[in-house]
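Have a look at data.txt below; it lists compact mmCIF, N, CA and C atoms.
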# COMPACT_ATOMS: atom_id res chain seq x y z
N MET A 783 58.50 -78.27 -166.32
CA MET A 783 59.27 -77.62 -167.37
C MET A 783 60.10 -76.48 -166.77
N ALA A 784 61.34 -76.38 -167.15
CA ALA A 784 62.24 -75.36 -166.63
C ALA A 784 61.87 -73.98 -167.19
N THR A 785 62.12 -72.96 -166.39
CA THR A 785 61.88 -71.59 -166.83
C THR A 785 63.01 -71.16 -167.74
N ILE A 786 62.67 -70.55 -168.85
CA ILE A 786 63.66 -70.04 -169.80
C ILE A 786 63.96 -68.59 -169.44
N VAL A 787 65.24 -68.25 -169.34
CA VAL A 787 65.67 -66.89 -169.01
C VAL A 787 66.36 -66.29 -170.23
N ASP A 788 65.86 -65.16 -170.67
CA ASP A 788 66.50 -64.41 -171.75
C ASP A 788 67.71 -63.72 -171.14
N ILE A 789 68.92 -64.10 -171.56
CA ILE A 789 70.11 -63.53 -170.92
C ILE A 789 70.21 -62.02 -171.10
N GLY A 790 69.52 -61.50 -172.10
CA GLY A 790 69.51 -60.05 -172.29
C GLY A 790 68.82 -59.31 -171.15
N THR A 791 68.07 -60.02 -170.34
CA THR A 791 67.38 -59.38 -169.21
C THR A 791 68.22 -59.38 -167.94
N LEU A 792 69.39 -59.98 -167.96
CA LEU A 792 70.18 -60.13 -166.75
C LEU A 792 71.06 -58.91 -166.43
N ILE A 793 71.27 -58.03 -167.40
CA ILE A 793 72.09 -56.82 -167.19
C ILE A 793 71.21 -55.62 -167.49
N GLU A 794 71.29 -54.60 -166.62
CA GLU A 794 70.49 -53.40 -166.82
C GLU A 794 71.29 -52.16 -166.44
N ARG A 795 70.81 -51.03 -166.94
CA ARG A 795 71.38 -49.72 -166.59
C ARG A 795 70.25 -48.81 -166.15
N SER A 796 70.52 -48.04 -165.12
CA SER A 796 69.57 -47.04 -164.66
C SER A 796 70.36 -45.87 -164.11
N PRO A 797 70.03 -44.65 -164.50
CA PRO A 797 70.78 -43.49 -164.00
C PRO A 797 70.77 -43.38 -162.48
N GLU A 798 69.75 -43.94 -161.84
CA GLU A 798 69.64 -43.85 -160.38
C GLU A 798 70.47 -44.90 -159.64
N ILE A 799 70.96 -45.90 -160.36
CA ILE A 799 71.68 -47.00 -159.71
C ILE A 799 73.13 -47.00 -160.19
N ARG A 800 74.05 -46.86 -159.24
CA ARG A 800 75.50 -46.91 -159.53
C ARG A 800 75.90 -45.99 -160.68
N LYS A 801 75.32 -44.79 -160.68
CA LYS A 801 75.66 -43.75 -161.68
C LYS A 801 75.46 -44.23 -163.12
N GLY A 802 74.50 -45.13 -163.33
CA GLY A 802 74.19 -45.59 -164.68
C GLY A 802 75.11 -46.68 -165.19
N ARG A 803 75.99 -47.18 -164.34
CA ARG A 803 76.87 -48.28 -164.78
C ARG A 803 76.05 -49.54 -165.00
N PRO A 804 76.46 -50.40 -165.92
CA PRO A 804 75.73 -51.65 -166.12
C PRO A 804 75.83 -52.53 -164.88
N CYS A 805 74.68 -53.05 -164.46
CA CYS A 805 74.59 -53.88 -163.25
C CYS A 805 73.85 -55.17 -163.56
N ILE A 806 74.05 -56.14 -162.70
CA ILE A 806 73.25 -57.35 -162.76
C ILE A 806 71.84 -56.94 -162.31
N ALA A 807 70.86 -57.23 -163.15
CA ALA A 807 69.49 -56.77 -162.94
C ALA A 807 68.98 -57.09 -161.54
N GLY A 808 68.42 -56.06 -160.91
CA GLY A 808 67.80 -56.21 -159.61
C GLY A 808 68.75 -56.32 -158.43
N THR A 809 70.05 -56.09 -158.66
CA THR A 809 71.00 -56.30 -157.57
C THR A 809 71.84 -55.09 -157.20
N GLY A 810 72.15 -54.24 -158.15
CA GLY A 810 73.09 -53.15 -157.89
C GLY A 810 74.54 -53.58 -157.98
N VAL A 811 74.80 -54.86 -158.23
CA VAL A 811 76.18 -55.34 -158.40
C VAL A 811 76.61 -54.99 -159.82
N THR A 812 77.68 -54.21 -159.92
CA THR A 812 78.11 -53.74 -161.24
C THR A 812 78.89 -54.80 -162.01
N VAL A 813 78.79 -54.68 -163.32
CA VAL A 813 79.61 -55.51 -164.20
C VAL A 813 81.08 -55.22 -163.91
N ARG A 814 81.39 -53.96 -163.62
CA ARG A 814 82.77 -53.57 -163.30
C ARG A 814 83.31 -54.37 -162.12
N ARG A 815 82.50 -54.58 -161.09
CA ARG A 815 82.94 -55.35 -159.92
C ARG A 815 83.24 -56.79 -160.30
N ILE A 816 82.35 -57.40 -161.08
CA ILE A 816 82.56 -58.78 -161.52
C ILE A 816 83.80 -58.86 -162.40
N ALA A 817 83.94 -57.92 -163.33
CA ALA A 817 85.10 -57.90 -164.23
C ALA A 817 86.39 -57.73 -163.45
N GLY A 818 86.37 -56.87 -162.44
CA GLY A 818 87.56 -56.65 -161.63
C GLY A 818 88.03 -57.93 -160.95
N TRP A 819 87.10 -58.66 -160.37
CA TRP A 819 87.47 -59.92 -159.72
C TRP A 819 87.93 -60.95 -160.75
N HIS A 820 87.27 -60.96 -161.89
CA HIS A 820 87.68 -61.86 -162.98
C HIS A 820 89.11 -61.54 -163.42
N ASN A 821 89.42 -60.26 -163.53
CA ASN A 821 90.77 -59.84 -163.95
C ASN A 821 91.82 -60.15 -162.89
N LEU A 822 91.40 -60.32 -161.64
CA LEU A 822 92.33 -60.72 -160.58
C LEU A 822 92.54 -62.24 -160.56
N GLY A 823 91.82 -62.95 -161.43
CA GLY A 823 92.02 -64.39 -161.55
C GLY A 823 90.94 -65.25 -160.93
N LEU A 824 89.88 -64.65 -160.37
CA LEU A 824 88.82 -65.45 -159.79
C LEU A 824 87.97 -66.08 -160.89
N THR A 825 87.56 -67.30 -160.66
CA THR A 825 86.67 -67.99 -161.59
C THR A 825 85.23 -67.53 -161.33
N PRO A 826 84.34 -67.75 -162.29
CA PRO A 826 82.93 -67.42 -162.04
C PRO A 826 82.39 -68.10 -160.78
N GLU A 827 82.79 -69.34 -160.54
CA GLU A 827 82.34 -70.05 -159.34
C GLU A 827 82.85 -69.37 -158.07
N GLU A 828 84.09 -68.91 -158.08
CA GLU A 828 84.64 -68.21 -156.91
C GLU A 828 83.94 -66.87 -156.68
N ILE A 829 83.60 -66.18 -157.75
CA ILE A 829 82.88 -64.91 -157.63
C ILE A 829 81.49 -65.18 -157.05
N ALA A 830 80.81 -66.20 -157.54
CA ALA A 830 79.48 -66.55 -157.03
C ALA A 830 79.55 -66.93 -155.55
N ALA A 831 80.62 -67.56 -155.13
CA ALA A 831 80.78 -67.92 -153.71
C ALA A 831 80.96 -66.67 -152.85
N ARG A 832 81.57 -65.62 -153.39
CA ARG A 832 81.77 -64.37 -152.65
C ARG A 832 80.51 -63.53 -152.58
N ILE A 833 79.69 -63.61 -153.61
CA ILE A 833 78.43 -62.85 -153.65
C ILE A 833 77.33 -63.90 -153.76
N GLU A 834 76.97 -64.45 -152.63
CA GLU A 834 76.12 -65.64 -152.59
C GLU A 834 74.72 -65.44 -153.16
N HIS A 835 74.24 -64.20 -153.20
CA HIS A 835 72.89 -64.00 -153.73
C HIS A 835 72.83 -63.98 -155.26
N LEU A 836 74.00 -64.07 -155.91
CA LEU A 836 74.04 -64.11 -157.37
C LEU A 836 74.12 -65.56 -157.85
N THR A 837 73.49 -65.80 -158.99
CA THR A 837 73.59 -67.12 -159.60
C THR A 837 74.79 -67.16 -160.55
N LEU A 838 75.19 -68.34 -160.88
CA LEU A 838 76.28 -68.50 -161.84
C LEU A 838 75.88 -67.91 -163.19
N ALA A 839 74.61 -68.03 -163.55
CA ALA A 839 74.13 -67.44 -164.81
C ALA A 839 74.30 -65.92 -164.79
N GLN A 840 74.03 -65.28 -163.66
CA GLN A 840 74.20 -63.83 -163.55
C GLN A 840 75.67 -63.44 -163.69
N ILE A 841 76.55 -64.21 -163.07
CA ILE A 841 78.00 -63.95 -163.18
C ILE A 841 78.43 -64.08 -164.64
N HIS A 842 78.01 -65.13 -165.29
CA HIS A 842 78.39 -65.33 -166.69
C HIS A 842 77.81 -64.24 -167.59
N ALA A 843 76.59 -63.77 -167.28
CA ALA A 843 76.01 -62.68 -168.07
C ALA A 843 76.84 -61.41 -167.90
N ALA A 844 77.29 -61.14 -166.67
CA ALA A 844 78.14 -59.96 -166.44
C ALA A 844 79.46 -60.09 -167.19
N LEU A 845 80.03 -61.28 -167.18
CA LEU A 845 81.30 -61.49 -167.90
C LEU A 845 81.09 -61.40 -169.41
N ALA A 846 79.96 -61.89 -169.90
CA ALA A 846 79.67 -61.77 -171.33
C ALA A 846 79.54 -60.30 -171.71
N TYR A 847 78.85 -59.52 -170.87
CA TYR A 847 78.71 -58.09 -171.12
C TYR A 847 80.10 -57.44 -171.12
N TYR A 848 80.91 -57.80 -170.14
CA TYR A 848 82.27 -57.26 -170.05
C TYR A 848 83.07 -57.54 -171.32
N HIS A 849 83.05 -58.78 -171.77
CA HIS A 849 83.84 -59.14 -172.95
C HIS A 849 83.31 -58.48 -174.22
N ALA A 850 82.01 -58.24 -174.27
CA ALA A 850 81.41 -57.57 -175.43
C ALA A 850 81.64 -56.06 -175.41
N ASN A 851 81.91 -55.52 -174.21
CA ASN A 851 82.06 -54.07 -174.03
C ASN A 851 83.31 -53.76 -173.21
N ARG A 852 84.36 -54.47 -173.51
CA ARG A 852 85.59 -54.41 -172.70
C ARG A 852 86.18 -53.01 -172.60
N ASP A 853 86.21 -52.26 -173.69
CA ASP A 853 86.78 -50.90 -173.65
C ASP A 853 86.04 -50.03 -172.65
N GLU A 854 84.71 -50.09 -172.66
CA GLU A 854 83.90 -49.29 -171.74
C GLU A 854 84.20 -49.64 -170.28
N ILE A 855 84.20 -50.92 -169.97
CA ILE A 855 84.37 -51.35 -168.58
C ILE A 855 85.81 -51.12 -168.12
N ASP A 856 86.79 -51.45 -168.96
CA ASP A 856 88.20 -51.23 -168.59
C ASP A 856 88.48 -49.75 -168.38
N SER A 857 87.87 -48.88 -169.19
CA SER A 857 88.03 -47.44 -169.03
C SER A 857 87.44 -46.99 -167.70
N ASP A 858 86.28 -47.54 -167.34
CA ASP A 858 85.64 -47.20 -166.07
C ASP A 858 86.51 -47.65 -164.90
N ILE A 859 87.07 -48.84 -164.99
CA ILE A 859 87.97 -49.35 -163.94
C ILE A 859 89.19 -48.43 -163.81
N ALA A 860 89.79 -48.06 -164.93
CA ALA A 860 90.98 -47.19 -164.91
C ALA A 860 90.64 -45.82 -164.33
N ASN A 861 89.49 -45.25 -164.69
CA ASN A 861 89.10 -43.96 -164.14
C ASN A 861 88.91 -44.03 -162.63
N GLU A 862 88.31 -45.08 -162.15
CA GLU A 862 88.09 -45.26 -160.71
C GLU A 862 89.42 -45.37 -159.98
N GLU A 863 90.37 -46.10 -160.57
CA GLU A 863 91.69 -46.22 -159.95
C GLU A 863 92.39 -44.87 -159.88
N THR A 864 92.26 -44.06 -160.93
CA THR A 864 92.86 -42.73 -160.95
C THR A 864 92.27 -41.84 -159.86
N VAL A 865 90.95 -41.89 -159.72
CA VAL A 865 90.28 -41.09 -158.68
C VAL A 865 90.74 -41.56 -157.30
N SER A 866 90.81 -42.86 -157.09
CA SER A 866 91.24 -43.40 -155.80
C SER A 866 92.67 -42.98 -155.46
N GLU A 867 93.55 -43.04 -156.45
CA GLU A 867 94.94 -42.63 -156.23
C GLU A 867 95.03 -41.15 -155.88
N GLU A 868 94.22 -40.31 -156.53
CA GLU A 868 94.22 -38.88 -156.25
C GLU A 868 93.72 -38.61 -154.83
N ILE A 869 92.71 -39.33 -154.40
CA ILE A 869 92.19 -39.18 -153.03
C ILE A 869 93.27 -39.57 -152.03
N LEU A 870 93.98 -40.65 -152.30
CA LEU A 870 95.05 -41.08 -151.39
C LEU A 870 96.18 -40.05 -151.33
N ARG A 871 96.55 -39.50 -152.49
CA ARG A 871 97.61 -38.46 -152.51
C ARG A 871 97.18 -37.23 -151.74
N THR A 872 95.94 -36.81 -151.95
CA THR A 872 95.43 -35.62 -151.28
C THR A 872 95.36 -35.83 -149.78
N SER A 873 94.90 -36.98 -149.34
CA SER A 873 94.77 -37.22 -147.91
C SER A 873 96.15 -37.41 -147.25
N ALA A 874 97.13 -37.89 -148.00
CA ALA A 874 98.48 -38.05 -147.45
C ALA A 874 99.14 -36.71 -147.20
N LYS A 875 98.76 -35.69 -147.97
CA LYS A 875 99.33 -34.34 -147.82
C LYS A 875 98.74 -33.60 -146.63
N SER A 876 97.56 -34.03 -146.17
CA SER A 876 96.85 -33.34 -145.08
C SER A 876 97.49 -33.58 -143.75

Rewritten as C-alpha cells:
Amino acid sequence: MATIVDIGTLIERSPEIRKGRPCIAGTGVTVRRIAGWHNLGLTPEEIAARIEHLTLAQIHAALAYYHANRDEIDSDIANEETVSEEILRTSAKS
C-alpha cells in the first residue's frame, strides 16, 4: 500500500530557517526560489531536475503555496531585488 502524504506537511516556516520564509519542509529551499524559477518559465519537472533532492510533489506543493499566497511571495521577491540593486549601486560607487 502506498504511503499517503498530507500536502499540508510539505511547506513549513521556522524563524531560524531562511528568516522565517516558507520553505519546502526539511530542505531549506524557499517557496520564493521555486516561484522565481517558475516565473522565469521553468516547468515543475525542470525545477525538480535542477534541485534533484526535491520530489515533483514538493515542487507542486511550493507552487500551490505560491499561488495561494502570491502577494506575500511576490512582495518578498520584489524586496530582495530592491536590496540587491542597492548593494550593486553602493559597490559601484566604491

Please indicate the distance in Å from CA of Pro826 in chain A to CA of Glu798 in chain A, rounded to one decimal place.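 Distance between the two atoms: 27.1 Å.
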
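Relative to CA of Thr809 in chain A, CA of Arg852 in chain A is found at 21.1 Å.
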
Run DSSP on the backbone of this structure and report the residues of chain A it assigns to helix (DSSP H, G or I), as a CSV table (one decimal) with N, CA and C atoms, in the coordinates of the input.
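Below you can see part-v3.csv, which holds the result:
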chain,number,residue,atom,x,y,z
A,789,ILE,N,68.9,-64.1,-171.6
A,789,ILE,CA,70.1,-63.5,-170.9
A,789,ILE,C,70.2,-62.0,-171.1
A,790,GLY,N,69.5,-61.5,-172.1
A,790,GLY,CA,69.5,-60.0,-172.3
A,790,GLY,C,68.8,-59.3,-171.2
A,791,THR,N,68.1,-60.0,-170.3
A,791,THR,CA,67.4,-59.4,-169.2
A,791,THR,C,68.2,-59.4,-167.9
A,800,ARG,N,74.0,-46.9,-159.2
A,800,ARG,CA,75.5,-46.9,-159.5
A,800,ARG,C,75.9,-46.0,-160.7
A,801,LYS,N,75.3,-44.8,-160.7
A,801,LYS,CA,75.7,-43.8,-161.7
A,801,LYS,C,75.5,-44.2,-163.1
A,802,GLY,N,74.5,-45.1,-163.3
A,802,GLY,CA,74.2,-45.6,-164.7
A,802,GLY,C,75.1,-46.7,-165.2
A,813,VAL,N,78.8,-54.7,-163.3
A,813,VAL,CA,79.6,-55.5,-164.2
A,813,VAL,C,81.1,-55.2,-163.9
A,814,ARG,N,81.4,-54.0,-163.6
A,814,ARG,CA,82.8,-53.6,-163.3
A,814,ARG,C,83.3,-54.4,-162.1
A,815,ARG,N,82.5,-54.6,-161.1
A,815,ARG,CA,82.9,-55.4,-159.9
A,815,ARG,C,83.2,-56.8,-160.3
A,816,ILE,N,82.4,-57.4,-161.1
A,816,ILE,CA,82.6,-58.8,-161.5
A,816,ILE,C,83.8,-58.9,-162.4
A,817,ALA,N,83.9,-57.9,-163.3
A,817,ALA,CA,85.1,-57.9,-164.2
A,817,ALA,C,86.4,-57.7,-163.4
A,818,GLY,N,86.4,-56.9,-162.4
A,818,GLY,CA,87.6,-56.6,-161.6
A,818,GLY,C,88.0,-57.9,-161.0
A,819,TRP,N,87.1,-58.7,-160.4
A,819,TRP,CA,87.5,-59.9,-159.7
A,819,TRP,C,87.9,-61.0,-160.8
A,820,HIS,N,87.3,-61.0,-161.9
A,820,HIS,CA,87.7,-61.9,-163.0
A,820,HIS,C,89.1,-61.5,-163.4
A,821,ASN,N,89.4,-60.3,-163.5
A,821,ASN,CA,90.8,-59.8,-164.0
A,821,ASN,C,91.8,-60.2,-162.9
A,826,PRO,N,84.3,-67.8,-162.3
A,826,PRO,CA,82.9,-67.4,-162.0
A,826,PRO,C,82.4,-68.1,-160.8
A,827,GLU,N,82.8,-69.3,-160.5
A,827,GLU,CA,82.3,-70.0,-159.3
A,827,GLU,C,82.8,-69.4,-158.1
A,828,GLU,N,84.1,-68.9,-158.1
A,828,GLU,CA,84.6,-68.2,-156.9
A,828,GLU,C,83.9,-66.9,-156.7
A,829,ILE,N,83.6,-66.2,-157.8
A,829,ILE,CA,82.9,-64.9,-157.6
A,829,ILE,C,81.5,-65.2,-157.0
A,830,ALA,N,80.8,-66.2,-157.5
A,830,ALA,CA,79.5,-66.6,-157.0
A,830,ALA,C,79.6,-66.9,-155.6
A,831,ALA,N,80.6,-67.6,-155.1
A,831,ALA,CA,80.8,-67.9,-153.7
A,831,ALA,C,81.0,-66.7,-152.8
A,832,ARG,N,81.6,-65.6,-153.4
A,832,ARG,CA,81.8,-64.4,-152.6
A,832,ARG,C,80.5,-63.5,-152.6
A,838,LEU,N,75.2,-68.3,-160.9
A,838,LEU,CA,76.3,-68.5,-161.8
A,838,LEU,C,75.9,-67.9,-163.2
A,839,ALA,N,74.6,-68.0,-163.6
A,839,ALA,CA,74.1,-67.4,-164.8
A,839,ALA,C,74.3,-65.9,-164.8
A,840,GLN,N,74.0,-65.3,-163.7
A,840,GLN,CA,74.2,-63.8,-163.6
A,840,GLN,C,75.7,-63.4,-163.7
A,841,ILE,N,76.6,-64.2,-163.1
A,841,ILE,CA,78.0,-64.0,-163.2
A,841,ILE,C,78.4,-64.1,-164.6
A,842,HIS,N,78.0,-65.1,-165.3
A,842,HIS,CA,78.4,-65.3,-166.7
A,842,HIS,C,77.8,-64.2,-167.6
A,843,ALA,N,76.6,-63.8,-167.3
A,843,ALA,CA,76.0,-62.7,-168.1
A,843,ALA,C,76.8,-61.4,-167.9
A,844,ALA,N,77.3,-61.1,-166.7
A,844,ALA,CA,78.1,-60.0,-166.4
A,844,ALA,C,79.5,-60.1,-167.2
A,845,LEU,N,80.0,-61.3,-167.2
A,845,LEU,CA,81.3,-61.5,-167.9
A,845,LEU,C,81.1,-61.4,-169.4
A,846,ALA,N,80.0,-61.9,-169.9
A,846,ALA,CA,79.7,-61.8,-171.3
A,846,ALA,C,79.5,-60.3,-171.7
A,847,TYR,N,78.8,-59.5,-170.9
A,847,TYR,CA,78.7,-58.1,-171.1
A,847,TYR,C,80.1,-57.4,-171.1
A,848,TYR,N,80.9,-57.8,-170.1
A,848,TYR,CA,82.3,-57.3,-170.0
A,848,TYR,C,83.1,-57.5,-171.3
A,849,HIS,N,83.0,-58.8,-171.8
A,849,HIS,CA,83.8,-59.1,-173.0
A,849,HIS,C,83.3,-58.5,-174.2
A,850,ALA,N,82.0,-58.2,-174.3
A,850,ALA,CA,81.4,-57.6,-175.4
A,850,ALA,C,81.6,-56.1,-175.4
A,852,ARG,N,84.4,-54.5,-173.5
A,852,ARG,CA,85.6,-54.4,-172.7
A,852,ARG,C,86.2,-53.0,-172.6
A,853,ASP,N,86.2,-52.3,-173.7
A,853,ASP,CA,86.8,-50.9,-173.6
A,853,ASP,C,86.0,-50.0,-172.6
A,854,GLU,N,84.7,-50.1,-172.7
A,854,GLU,CA,83.9,-49.3,-171.7
A,854,GLU,C,84.2,-49.6,-170.3
A,855,ILE,N,84.2,-50.9,-170.0
A,855,ILE,CA,84.4,-51.4,-168.6
A,855,ILE,C,85.8,-51.1,-168.1
A,856,ASP,N,86.8,-51.4,-169.0
A,856,ASP,CA,88.2,-51.2,-168.6
A,856,ASP,C,88.5,-49.8,-168.4
A,857,SER,N,87.9,-48.9,-169.2
A,857,SER,CA,88.0,-47.4,-169.0
A,857,SER,C,87.4,-47.0,-167.7
A,858,ASP,N,86.3,-47.5,-167.3
A,858,ASP,CA,85.6,-47.2,-166.1
A,858,ASP,C,86.5,-47.6,-164.9
A,859,ILE,N,87.1,-48.8,-165.0
A,859,ILE,CA,88.0,-49.4,-163.9
A,859,ILE,C,89.2,-48.4,-163.8
A,860,ALA,N,89.8,-48.1,-164.9
A,860,ALA,CA,91.0,-47.2,-164.9
A,860,ALA,C,90.6,-45.8,-164.3
A,861,ASN,N,89.5,-45.2,-164.7
A,861,ASN,CA,89.1,-44.0,-164.1
A,861,ASN,C,88.9,-44.0,-162.6
A,862,GLU,N,88.3,-45.1,-162.2
A,862,GLU,CA,88.1,-45.3,-160.7
A,862,GLU,C,89.4,-45.4,-160.0
A,863,GLU,N,90.4,-46.1,-160.6
A,863,GLU,CA,91.7,-46.2,-160.0
A,863,GLU,C,92.4,-44.9,-159.9
A,864,THR,N,92.3,-44.1,-160.9
A,864,THR,CA,92.9,-42.7,-161.0
A,864,THR,C,92.3,-41.8,-159.9
A,865,VAL,N,91.0,-41.9,-159.7
A,865,VAL,CA,90.3,-41.1,-158.7
A,865,VAL,C,90.7,-41.6,-157.3
A,866,SER,N,90.8,-42.9,-157.1
A,866,SER,CA,91.2,-43.4,-155.8
A,866,SER,C,92.7,-43.0,-155.5
A,867,GLU,N,93.6,-43.0,-156.4
A,867,GLU,CA,94.9,-42.6,-156.2
A,867,GLU,C,95.0,-41.2,-155.9
A,868,GLU,N,94.2,-40.3,-156.5
A,868,GLU,CA,94.2,-38.9,-156.2
A,868,GLU,C,93.7,-38.6,-154.8
A,869,ILE,N,92.7,-39.3,-154.4
A,869,ILE,CA,92.2,-39.2,-153.0
A,869,ILE,C,93.3,-39.6,-152.0
A,870,LEU,N,94.0,-40.6,-152.3
A,870,LEU,CA,95.0,-41.1,-151.4
A,870,LEU,C,96.2,-40.0,-151.3
A,871,ARG,N,96.6,-39.5,-152.5
A,871,ARG,CA,97.6,-38.5,-152.5
A,871,ARG,C,97.2,-37.2,-151.7
A,872,THR,N,95.9,-36.8,-152.0
A,872,THR,CA,95.4,-35.6,-151.3
A,872,THR,C,95.4,-35.8,-149.8
A,873,SER,N,94.9,-37.0,-149.3
A,873,SER,CA,94.8,-37.2,-147.9
A,873,SER,C,96.2,-37.4,-147.2
A,874,ALA,N,97.1,-37.9,-148.0
A,874,ALA,CA,98.5,-38.0,-147.4
A,874,ALA,C,99.1,-36.7,-147.2
A,875,LYS,N,98.8,-35.7,-148.0
A,875,LYS,CA,99.3,-34.3,-147.8
A,875,LYS,C,98.7,-33.6,-146.6

Can you measure atom C of Val811 in chain A to atom C of Ala830 in chain A for me? One decimal in Å is fine.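 Rounded to one decimal, the two atoms are 13.0 Å apart.
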
Mind listing whatever residues come within 12 Å of the point (86.5, -46.9, -166.8)? Use only C-alpha atoms, file coordinates, and give them as a PDB file with N, CA and C atoms, in the coordinates of the input.
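Wrote out24.pdb, looks like this:
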ATOM      1  N   ARG A 803      75.990 -47.180-164.340  1.00  0.00           N
ATOM      2  CA  ARG A 803      76.870 -48.280-164.780  1.00  0.00           C
ATOM      3  C   ARG A 803      76.050 -49.540-165.000  1.00  0.00           C
ATOM      4  N   PRO A 804      76.460 -50.400-165.920  1.00  0.00           N
ATOM      5  CA  PRO A 804      75.730 -51.650-166.120  1.00  0.00           C
ATOM      6  C   PRO A 804      75.830 -52.530-164.880  1.00  0.00           C
ATOM      7  N   VAL A 813      78.790 -54.680-163.320  1.00  0.00           N
ATOM      8  CA  VAL A 813      79.610 -55.510-164.200  1.00  0.00           C
ATOM      9  C   VAL A 813      81.080 -55.220-163.910  1.00  0.00           C
ATOM     10  N   ARG A 814      81.390 -53.960-163.620  1.00  0.00           N
ATOM     11  CA  ARG A 814      82.770 -53.570-163.300  1.00  0.00           C
ATOM     12  C   ARG A 814      83.310 -54.370-162.120  1.00  0.00           C
ATOM     13  N   ARG A 815      82.500 -54.580-161.090  1.00  0.00           N
ATOM     14  CA  ARG A 815      82.940 -55.350-159.920  1.00  0.00           C
ATOM     15  C   ARG A 815      83.240 -56.790-160.300  1.00  0.00           C
ATOM     16  N   ALA A 817      83.940 -57.920-163.330  1.00  0.00           N
ATOM     17  CA  ALA A 817      85.100 -57.900-164.230  1.00  0.00           C
ATOM     18  C   ALA A 817      86.390 -57.730-163.450  1.00  0.00           C
ATOM     19  N   GLY A 818      86.370 -56.870-162.440  1.00  0.00           N
ATOM     20  CA  GLY A 818      87.560 -56.650-161.630  1.00  0.00           C
ATOM     21  C   GLY A 818      88.030 -57.930-160.950  1.00  0.00           C
ATOM     22  N   TYR A 848      80.910 -57.800-170.140  1.00  0.00           N
ATOM     23  CA  TYR A 848      82.270 -57.260-170.050  1.00  0.00           C
ATOM     24  C   TYR A 848      83.070 -57.540-171.320  1.00  0.00           C
ATOM     25  N   ASN A 851      81.910 -55.520-174.210  1.00  0.00           N
ATOM     26  CA  ASN A 851      82.060 -54.070-174.030  1.00  0.00           C
ATOM     27  C   ASN A 851      83.310 -53.760-173.210  1.00  0.00           C
ATOM     28  N   ARG A 852      84.360 -54.470-173.510  1.00  0.00           N
ATOM     29  CA  ARG A 852      85.590 -54.410-172.700  1.00  0.00           C
ATOM     30  C   ARG A 852      86.180 -53.010-172.600  1.00  0.00           C
ATOM     31  N   ASP A 853      86.210 -52.260-173.690  1.00  0.00           N
ATOM     32  CA  ASP A 853      86.780 -50.900-173.650  1.00  0.00           C
ATOM     33  C   ASP A 853      86.040 -50.030-172.650  1.00  0.00           C
ATOM     34  N   GLU A 854      84.710 -50.090-172.660  1.00  0.00           N
ATOM     35  CA  GLU A 854      83.900 -49.290-171.740  1.00  0.00           C
ATOM     36  C   GLU A 854      84.200 -49.640-170.280  1.00  0.00           C
ATOM     37  N   ILE A 855      84.200 -50.920-169.970  1.00  0.00           N
ATOM     38  CA  ILE A 855      84.370 -51.350-168.580  1.00  0.00           C
ATOM     39  C   ILE A 855      85.810 -51.120-168.120  1.00  0.00           C
ATOM     40  N   ASP A 856      86.790 -51.450-168.960  1.00  0.00           N
ATOM     41  CA  ASP A 856      88.200 -51.230-168.590  1.00  0.00           C
ATOM     42  C   ASP A 856      88.480 -49.750-168.380  1.00  0.00           C
ATOM     43  N   SER A 857      87.870 -48.880-169.190  1.00  0.00           N
ATOM     44  CA  SER A 857      88.030 -47.440-169.030  1.00  0.00           C
ATOM     45  C   SER A 857      87.440 -46.990-167.700  1.00  0.00           C
ATOM     46  N   ASP A 858      86.280 -47.540-167.340  1.00  0.00           N
ATOM     47  CA  ASP A 858      85.640 -47.200-166.070  1.00  0.00           C
ATOM     48  C   ASP A 858      86.510 -47.650-164.900  1.00  0.00           C
ATOM     49  N   ILE A 859      87.070 -48.840-164.990  1.00  0.00           N
ATOM     50  CA  ILE A 859      87.970 -49.350-163.940  1.00  0.00           C
ATOM     51  C   ILE A 859      89.190 -48.430-163.810  1.00  0.00           C
ATOM     52  N   ALA A 860      89.790 -48.060-164.930  1.00  0.00           N
ATOM     53  CA  ALA A 860      90.980 -47.190-164.910  1.00  0.00           C
ATOM     54  C   ALA A 860      90.640 -45.820-164.330  1.00  0.00           C
ATOM     55  N   ASN A 861      89.490 -45.250-164.690  1.00  0.00           N
ATOM     56  CA  ASN A 861      89.100 -43.960-164.140  1.00  0.00           C
ATOM     57  C   ASN A 861      88.910 -44.030-162.630  1.00  0.00           C
ATOM     58  N   GLU A 862      88.310 -45.080-162.150  1.00  0.00           N
ATOM     59  CA  GLU A 862      88.090 -45.260-160.710  1.00  0.00           C
ATOM     60  C   GLU A 862      89.420 -45.370-159.980  1.00  0.00           C
ATOM     61  N   GLU A 863      90.370 -46.100-160.570  1.00  0.00           N
ATOM     62  CA  GLU A 863      91.690 -46.220-159.950  1.00  0.00           C
ATOM     63  C   GLU A 863      92.390 -44.870-159.880  1.00  0.00           C
ATOM     64  N   THR A 864      92.260 -44.060-160.930  1.00  0.00           N
ATOM     65  CA  THR A 864      92.860 -42.730-160.950  1.00  0.00           C
ATOM     66  C   THR A 864      92.270 -41.840-159.860  1.00  0.00           C
ATOM     67  N   VAL A 865      90.950 -41.890-159.720  1.00  0.00           N
ATOM     68  CA  VAL A 865      90.280 -41.090-158.680  1.00  0.00           C
ATOM     69  C   VAL A 865      90.740 -41.560-157.300  1.00  0.00           C
TER      70      VAL A 865
END

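For the set A:Ser873, A:Asp788, A:Arg795, A:Thr812, the residue with the smallest atom-to-atom gap to Ala844 in chain A is A:Thr812, counting all atoms listed in the file.
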
Which one of A:Ala831, A:Thr837, A:Ala843, A:Leu824 sits closest to Leu792 in chain A if you count only C-alpha atoms?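 Smallest separation from Leu792 in chain A among the options: A:Ala843.
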
Nearest to Ile806 in chain A, chosen from A:Thr825, A:Thr872, A:Thr785, A:Thr791, with all atoms listed in the file counted in the distances: A:Thr791

Report, as lines of an AutoDock Vina configuration file, the axis-aligned box around all atoms of range 805-822 of chain A present in the file, extended by 5 Å on each side; give centre and edge lengths in Å to one decimal place.
center_x = 80.2
center_y = -57.6
center_z = -160.8
size_x = 34.7
size_y = 19.2
size_z = 17.3

Among the residues of chain A, find those DSSP assigns to strand (DSSP E) from the backbone and print them as a PyMOL selection string. chain A and resi 793-794+805-806
